[in-house]
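**Student:** mmCIF, C-alpha atoms; chains and numbers go by the auth columns, file entry-v2.cif:
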```cif
data_protein
#
loop_
_atom_site.group_PDB
_atom_site.id
_atom_site.type_symbol
_atom_site.label_atom_id
_atom_site.label_comp_id
_atom_site.label_asym_id
_atom_site.label_seq_id
_atom_site.Cartn_x
_atom_site.Cartn_y
_atom_site.Cartn_z
_atom_site.B_iso_or_equiv
_atom_site.auth_seq_id
_atom_site.auth_asym_id
ATOM 1 C CA MET A 1 0.000 0.000 0.000 0.00 1 A
ATOM 2 C CA ASP A 2 2.861 2.414 0.830 0.00 2 A
ATOM 3 C CA LYS A 3 4.342 1.861 -2.623 0.00 3 A
ATOM 4 C CA GLU A 4 0.984 2.674 -4.210 0.00 4 A
ATOM 5 C CA ILE A 5 0.691 5.906 -2.240 0.00 5 A
ATOM 6 C CA TRP A 6 4.265 6.985 -2.976 0.00 6 A
ATOM 7 C CA GLY A 7 3.755 6.002 -6.591 0.00 7 A
ATOM 8 C CA GLU A 8 0.701 8.239 -6.771 0.00 8 A
ATOM 9 C CA PHE A 9 1.904 11.227 -4.751 0.00 9 A
ATOM 10 C CA GLY A 10 5.706 10.970 -4.707 0.00 10 A
ATOM 11 C CA ARG A 11 6.119 12.994 -7.872 0.00 11 A
ATOM 12 C CA TYR A 12 4.006 15.893 -6.534 0.00 12 A
ATOM 13 C CA PRO A 13 5.983 17.137 -3.487 0.00 13 A
ATOM 14 C CA ASP A 14 4.407 20.609 -3.544 0.00 14 A
ATOM 15 C CA GLN A 15 0.897 19.137 -3.462 0.00 15 A
ATOM 16 C CA VAL A 16 1.917 16.789 -0.615 0.00 16 A
ATOM 17 C CA LYS A 17 3.305 19.756 1.374 0.00 17 A
ATOM 18 C CA VAL A 18 0.052 21.700 0.944 0.00 18 A
ATOM 19 C CA THR A 19 -2.027 18.689 1.950 0.00 19 A
ATOM 20 C CA ALA A 20 0.216 17.970 4.963 0.00 20 A
ATOM 21 C CA ARG A 21 -0.072 21.619 6.084 0.00 21 A
ATOM 22 C CA LYS A 22 -3.872 21.447 5.853 0.00 22 A
ATOM 23 C CA ILE A 23 -3.906 18.225 7.875 0.00 23 A
ATOM 24 C CA ARG A 24 -1.709 19.803 10.584 0.00 24 A
ATOM 25 C CA GLU A 25 -4.007 22.853 10.688 0.00 25 A
ATOM 26 C CA LEU A 26 -7.065 20.632 11.121 0.00 26 A
ATOM 27 C CA ILE A 27 -5.346 18.682 13.900 0.00 27 A
ATOM 28 C CA LEU A 28 -4.457 21.881 15.766 0.00 28 A
ATOM 29 C CA ASP A 29 -7.823 23.526 15.140 0.00 29 A
ATOM 30 C CA PRO A 30 -10.445 20.869 14.339 0.00 30 A
ATOM 31 C CA PRO A 31 -13.847 22.023 13.083 0.00 31 A
ATOM 32 C CA GLU A 32 -16.685 22.005 15.576 0.00 32 A
ATOM 33 C CA PRO A 33 -18.950 18.959 15.317 0.00 33 A
ATOM 34 C CA ALA A 34 -22.244 19.630 13.566 0.00 34 A
ATOM 35 C CA ASP A 35 -24.313 18.314 16.481 0.00 35 A
ATOM 36 C CA ASP A 36 -23.991 16.605 19.849 0.00 36 A
ATOM 37 C CA ASP A 37 -25.577 13.265 18.973 0.00 37 A
ATOM 38 C CA PRO A 38 -24.249 10.729 21.528 0.00 38 A
ATOM 39 C CA GLU A 39 -24.850 7.997 18.955 0.00 39 A
ATOM 40 C CA ASP A 40 -22.287 9.455 16.526 0.00 40 A
ATOM 41 C CA GLU A 41 -19.701 6.905 15.499 0.00 41 A
ATOM 42 C CA PHE A 42 -16.027 7.561 14.934 0.00 42 A
ATOM 43 C CA PRO A 43 -13.971 5.032 13.004 0.00 43 A
ATOM 44 C CA GLU A 44 -10.779 4.006 14.780 0.00 44 A
ATOM 45 C CA GLY A 45 -8.750 0.941 15.626 0.00 45 A
ATOM 46 C CA ARG A 46 -7.319 0.206 12.165 0.00 46 A
ATOM 47 C CA LEU A 47 -3.726 -0.940 12.051 0.00 47 A
ATOM 48 C CA LEU A 48 -1.577 1.639 10.304 0.00 48 A
ATOM 49 C CA THR A 49 2.008 1.441 9.189 0.00 49 A
ATOM 50 C CA ARG A 50 3.991 4.616 9.751 0.00 50 A
ATOM 51 C CA LYS A 51 7.521 5.546 8.909 0.00 51 A
ATOM 52 C CA HIS A 52 8.957 8.406 10.944 0.00 52 A
ATOM 53 C CA ARG A 53 12.292 9.588 12.145 0.00 53 A
ATOM 54 C CA THR A 54 12.227 10.025 15.890 0.00 54 A
ATOM 55 C CA ARG A 55 14.748 11.032 18.513 0.00 55 A
ATOM 56 C CA GLU A 56 15.923 8.372 20.916 0.00 56 A
ATOM 57 C CA ARG A 57 14.523 8.604 24.446 0.00 57 A
ATOM 58 C CA ASN A 58 15.901 6.918 27.541 0.00 58 A
ATOM 59 C CA ARG A 59 13.125 5.557 29.757 0.00 59 A
ATOM 60 C CA ASN A 60 15.442 5.450 32.765 0.00 60 A
ATOM 61 C CA ILE A 61 15.563 9.248 32.970 0.00 61 A
ATOM 62 C CA ARG A 62 11.990 9.492 34.290 0.00 62 A
ATOM 63 C CA LYS A 63 12.544 6.723 36.845 0.00 63 A
ATOM 64 C CA LYS A 64 15.714 8.371 38.126 0.00 64 A
ATOM 65 C CA LEU A 65 14.108 11.835 38.141 0.00 65 A
ATOM 66 C CA LEU A 66 11.198 10.549 40.239 0.00 66 A
ATOM 67 C CA LYS A 67 13.576 8.814 42.664 0.00 67 A
ATOM 68 C CA VAL A 68 15.827 11.868 43.104 0.00 68 A
ATOM 69 C CA ARG A 69 12.888 14.292 43.491 0.00 69 A
ATOM 70 C CA ARG A 70 11.169 11.967 45.977 0.00 70 A
ATOM 71 C CA GLU A 71 14.355 11.937 48.090 0.00 71 A
ATOM 72 C CA LYS A 72 14.179 15.750 48.284 0.00 72 A
ATOM 73 C CA GLY A 73 10.563 15.763 49.472 0.00 73 A
ATOM 74 C CA PRO A 74 7.031 15.205 48.201 0.00 74 A
ATOM 75 C CA LEU A 75 6.676 15.046 44.423 0.00 75 A
ATOM 76 C CA HIS A 76 5.093 18.129 42.878 0.00 76 A
ATOM 77 C CA CYS A 77 4.591 19.676 39.455 0.00 77 A
ATOM 78 C CA GLU A 78 7.187 22.343 38.711 0.00 78 A
ATOM 79 C CA ILE A 79 4.597 24.492 36.931 0.00 79 A
ATOM 80 C CA CYS A 80 1.368 24.353 38.948 0.00 80 A
ATOM 81 C CA GLY A 81 2.675 22.857 42.214 0.00 81 A
ATOM 82 C CA PHE A 82 0.191 19.954 42.131 0.00 82 A
ATOM 83 C CA LYS A 83 0.904 17.275 44.767 0.00 83 A
ATOM 84 C CA PRO A 84 -1.054 13.999 44.507 0.00 84 A
ATOM 85 C CA SER A 85 -2.770 12.837 47.672 0.00 85 A
ATOM 86 C CA VAL A 86 -2.207 9.122 47.017 0.00 86 A
ATOM 87 C CA THR A 87 0.093 7.075 49.248 0.00 87 A
ATOM 88 C CA ASP A 88 1.023 4.348 46.750 0.00 88 A
ATOM 89 C CA GLU A 89 4.260 5.424 45.016 0.00 89 A
ATOM 90 C CA LYS A 90 3.376 3.609 41.793 0.00 90 A
ATOM 91 C CA LEU A 91 0.099 5.528 41.555 0.00 91 A
ATOM 92 C CA GLU A 92 1.804 8.748 42.543 0.00 92 A
ATOM 93 C CA ASP A 93 4.374 8.237 39.761 0.00 93 A
ATOM 94 C CA ALA A 94 1.551 7.974 37.220 0.00 94 A
ATOM 95 C CA PHE A 95 0.681 11.645 37.781 0.00 95 A
ATOM 96 C CA PHE A 96 4.063 12.875 36.563 0.00 96 A
ATOM 97 C CA GLU A 97 5.974 13.116 33.314 0.00 97 A
ATOM 98 C CA ALA A 98 9.579 14.081 32.625 0.00 98 A
ATOM 99 C CA HIS A 99 9.951 17.145 30.418 0.00 99 A
ATOM 100 C CA HIS A 100 13.161 18.219 28.666 0.00 100 A
ATOM 101 C CA VAL A 101 13.906 21.856 29.497 0.00 101 A
ATOM 102 C CA VAL A 102 16.115 22.008 26.391 0.00 102 A
ATOM 103 C CA PRO A 103 14.511 20.522 23.277 0.00 103 A
ATOM 104 C CA LEU A 104 16.151 17.318 22.090 0.00 104 A
ATOM 105 C CA SER A 105 16.243 18.828 18.615 0.00 105 A
ATOM 106 C CA GLN A 106 18.718 21.430 19.940 0.00 106 A
ATOM 107 C CA SER A 107 20.848 19.076 22.010 0.00 107 A
ATOM 108 C CA ASP A 108 21.600 16.586 19.229 0.00 108 A
ATOM 109 C CA ALA A 109 22.842 13.193 20.420 0.00 109 A
ATOM 110 C CA SER A 110 24.352 14.351 23.693 0.00 110 A
ATOM 111 C CA PRO A 111 23.739 12.784 27.110 0.00 111 A
ATOM 112 C CA THR A 112 20.821 14.151 29.117 0.00 112 A
ATOM 113 C CA LYS A 113 21.392 15.114 32.747 0.00 113 A
ATOM 114 C CA LEU A 114 18.703 15.311 35.415 0.00 114 A
ATOM 115 C CA LYS A 115 19.260 19.087 35.615 0.00 115 A
ATOM 116 C CA ASP A 116 18.017 19.171 31.981 0.00 116 A
ATOM 117 C CA MET A 117 14.650 17.758 33.070 0.00 117 A
ATOM 118 C CA ALA A 118 11.546 19.106 34.772 0.00 118 A
ATOM 119 C CA LEU A 119 8.919 17.066 36.603 0.00 119 A
ATOM 120 C CA LEU A 120 5.452 18.071 35.396 0.00 120 A
ATOM 121 C CA CYS A 121 1.947 16.808 36.048 0.00 121 A
ATOM 122 C CA ALA A 122 0.320 15.324 32.960 0.00 122 A
ATOM 123 C CA ASN A 123 -1.908 18.393 32.497 0.00 123 A
ATOM 124 C CA CYS A 124 0.956 20.890 32.526 0.00 124 A
ATOM 125 C CA HIS A 125 3.068 18.639 30.307 0.00 125 A
ATOM 126 C CA ARG A 126 0.288 18.521 27.742 0.00 126 A
ATOM 127 C CA LEU A 127 -0.259 22.276 28.082 0.00 127 A
ATOM 128 C CA ILE A 128 3.401 23.170 27.485 0.00 128 A
ATOM 129 C CA HIS A 129 3.595 20.961 24.387 0.00 129 A
ATOM 130 C CA ARG A 130 0.311 22.342 23.028 0.00 130 A
ATOM 131 C CA ALA A 131 1.622 25.891 23.519 0.00 131 A
ATOM 132 C CA ILE A 132 4.837 24.948 21.685 0.00 132 A
ATOM 133 C CA SER A 133 2.811 23.436 18.854 0.00 133 A
ATOM 134 C CA ILE A 134 0.461 26.409 18.505 0.00 134 A
ATOM 135 C CA GLU A 135 3.034 29.184 18.884 0.00 135 A
ATOM 136 C CA LYS A 136 5.801 27.369 16.956 0.00 136 A
ATOM 137 C CA ARG A 137 8.375 28.320 19.601 0.00 137 A
ATOM 138 C CA TRP A 138 9.859 26.800 22.733 0.00 138 A
ATOM 139 C CA PHE A 139 8.256 27.591 26.093 0.00 139 A
ATOM 140 C CA SER A 140 10.275 27.446 29.290 0.00 140 A
ATOM 141 C CA ILE A 141 8.805 26.377 32.624 0.00 141 A
ATOM 142 C CA SER A 142 8.754 30.029 33.729 0.00 142 A
ATOM 143 C CA ASP A 143 6.995 31.045 30.471 0.00 143 A
ATOM 144 C CA VAL A 144 4.152 28.663 31.265 0.00 144 A
ATOM 145 C CA LYS A 145 3.998 29.724 34.915 0.00 145 A
ATOM 146 C CA THR A 146 3.601 33.332 33.720 0.00 146 A
ATOM 147 C CA MET A 147 0.957 32.293 31.209 0.00 147 A
ATOM 148 C CA LEU A 148 -1.097 30.642 33.981 0.00 148 A
ATOM 149 C CA LEU A 149 -1.048 33.697 36.283 0.00 149 A
#
```
Would you kindly transcribe this structure into structure tokens?
**Tutor:**
Amino acid sequence: MDKEIWGEFGRYPDQVKVTARKIRELILDPPEPADDDPEDEFPEGRLLTRKHRTRERNRNIRKKLLKVRREKGPLHCEICGFKPSVTDEKLEDAFFEAHHVVPLSQSDASPTKLKDMALLCANCHRLIHRAISIEKRWFSISDVKTMLL
């Protein structure tokens, strides 16, 4: 199927760029649904094959960040200050995500240090990446704190 698609569109790179831009715009700003029918159906669940270049991530960074921050005191979000009220560490960990304070795209293939990471609640992590996507620029932790004031 990929060969068919590339065979059809591969020779029209300008058209593919325009179409890709329109798709990105619709993802960032989807049209409002026509009505609120709870019986509406949305197709999903198909298996898709994708080919993307992606930057390597080390899953151990988050584990180590959680451990080090927990040793310093209760875990909290570095943007909003949220502190979970659960006592089970595994559940508490689920509230937090590790965020690179310097984009990987700017650091190339260099080692990441814990000082290069921020511990954010899932809501703030999603917010900072949405802001980056919309504004097409990097947002620091302090930028987002200011935005929320």
**Student:** Would you please work out which residue, of A:Glu92, A:Glu56, A:Cys80, A:Glu71, is nearest to A:Ser107 when using only C-alpha atoms?
**Tutor:**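 With only C-alpha atoms as the atom set, the closest residue is A:Glu56.
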**Student:** Can you tell me how far atom CA of A:Leu120 sits from atom CA of A:Ala98, in Å to one decimal?
**Tutor:**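 We find that atom CA of A:Leu120 and atom CA of A:Ala98 lie 6.4 Å from each other.
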**Student:** Got a sec to resolve the PyMOL selection byres ((chain A and resi 119) around 8) on this structure and send the residues as an mmCIF file with C-alpha atoms, keeping the file's coordinate frame?
**Tutor:**
```cif
data_model
loop_
_atom_site.group_PDB
_atom_site.id
_atom_site.type_symbol
_atom_site.label_atom_id
_atom_site.label_comp_id
_atom_site.auth_asym_id
_atom_site.auth_seq_id
_atom_site.Cartn_x
_atom_site.Cartn_y
_atom_site.Cartn_z
ATOM 1 C CA LEU A 65 14.108 11.835 38.141
ATOM 2 C CA LEU A 66 11.198 10.549 40.239
ATOM 3 C CA HIS A 76 5.093 18.129 42.878
ATOM 4 C CA CYS A 77 4.591 19.676 39.455
ATOM 5 C CA GLU A 78 7.187 22.343 38.711
ATOM 6 C CA PHE A 96 4.063 12.875 36.563
ATOM 7 C CA GLU A 97 5.974 13.116 33.314
ATOM 8 C CA ALA A 98 9.579 14.081 32.625
ATOM 9 C CA HIS A 99 9.951 17.145 30.418
ATOM 10 C CA MET A 117 14.650 17.758 33.070
ATOM 11 C CA ALA A 118 11.546 19.106 34.772
ATOM 12 C CA LEU A 120 5.452 18.071 35.396
ATOM 13 C CA CYS A 121 1.947 16.808 36.048
#
```
**Student:** Counting only C-alpha atoms, which residue out of A:Asp37, A:Asn123, A:Pro74, A:Pro31 sits closest to A:Val86?
**Tutor:** A:Pro74
**Student:** What would the selection look like, as a CSV table (one decimal) with C-alpha atoms, in the frame of the given file, if the PyMOL selection byres ((chain A and resi 18-30) around 12) were run on the coordinates I just shared?
**Tutor:**
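Just written: result.csv:
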```
chain,number,residue,atom,x,y,z
A,9,PHE,CA,1.9,11.2,-4.8
A,12,TYR,CA,4.0,15.9,-6.5
A,13,PRO,CA,6.0,17.1,-3.5
A,14,ASP,CA,4.4,20.6,-3.5
A,15,GLN,CA,0.9,19.1,-3.5
A,16,VAL,CA,1.9,16.8,-0.6
A,17,LYS,CA,3.3,19.8,1.4
A,31,PRO,CA,-13.8,22.0,13.1
A,32,GLU,CA,-16.7,22.0,15.6
A,33,PRO,CA,-19.0,19.0,15.3
A,34,ALA,CA,-22.2,19.6,13.6
A,129,HIS,CA,3.6,21.0,24.4
A,130,ARG,CA,0.3,22.3,23.0
A,131,ALA,CA,1.6,25.9,23.5
A,132,ILE,CA,4.8,24.9,21.7
A,133,SER,CA,2.8,23.4,18.9
A,134,ILE,CA,0.5,26.4,18.5
A,135,GLU,CA,3.0,29.2,18.9
A,136,LYS,CA,5.8,27.4,17.0
```
**Student:** Hey, can you check how far atom CA of A:His100 sits from atom CA of A:Lys72?
**Tutor:**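 Atom-to-atom, atom CA of A:His100 to atom CA of A:Lys72, that is 19.8 Å.
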**Student:** Rounded to one decimal place, report the atom CA of A:Gly73-atom CA of A:Asn60 distance in Å.
**Tutor:**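 Atom-to-atom, atom CA of A:Gly73 to atom CA of A:Asn60, that is 20.2 Å.
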**Student:** Which residue out of A:Leu114, A:Val101, A:Ala122, A:Leu91 has the minimum interatomic distance to A:Phe139 when only C-alpha atoms are used?
**Tutor:** A:Val101
**Student:** Can you pull out the residues contacting stretch 2-8 of chain A? Cut-off 10 Å, using only C-alpha atoms, and skip same-chain residues under 4 positions away; I want them as an mmCIF file with C-alpha atoms, in the frame of the given file.
**Tutor:**
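This went into around-v8.cif:
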```cif
data_model
loop_
_atom_site.group_PDB
_atom_site.id
_atom_site.type_symbol
_atom_site.label_atom_id
_atom_site.label_comp_id
_atom_site.auth_asym_id
_atom_site.auth_seq_id
_atom_site.Cartn_x
_atom_site.Cartn_y
_atom_site.Cartn_z
ATOM 1 C CA TYR A 12 4.006 15.893 -6.534
ATOM 2 C CA THR A 49 2.008 1.441 9.189
ATOM 3 C CA ARG A 50 3.991 4.616 9.751
ATOM 4 C CA LYS A 51 7.521 5.546 8.909
#
```
**Student:** Using only C-alpha atoms, find the one residue out of A:Pro43, A:Glu89, A:Leu104, A:Arg69 that sits nearest to A:Arg55.
**Tutor:**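 For A:Arg55, the nearest of the candidates is A:Leu104.
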**Student:** Care to translate the PyMOL selection byres ((chain A and resi 143-147) around 8) into actual residues of this file, as a list in words?
**Tutor:**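 Applied to this file, the PyMOL selection byres ((chain A and resi 143-147) around 8) returns Ile79, Cys80, Ile128, Phe139, Ser140, Ile141, Ser142, Leu148 and Leu149 of chain A.
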**Student:** For A:Asp116, which residue out of A:Arg11, A:Lys90, A:Lys67, A:Arg62 is the nearest one, using all atoms listed in the file?
**Tutor:** A:Arg62
**Student:** Restricting the calculation to all atoms listed in the file, which member of A:Gly10, A:Thr87, A:Trp138, A:Glu44 is positioned closest to A:Val102?
**Tutor:** A:Trp138
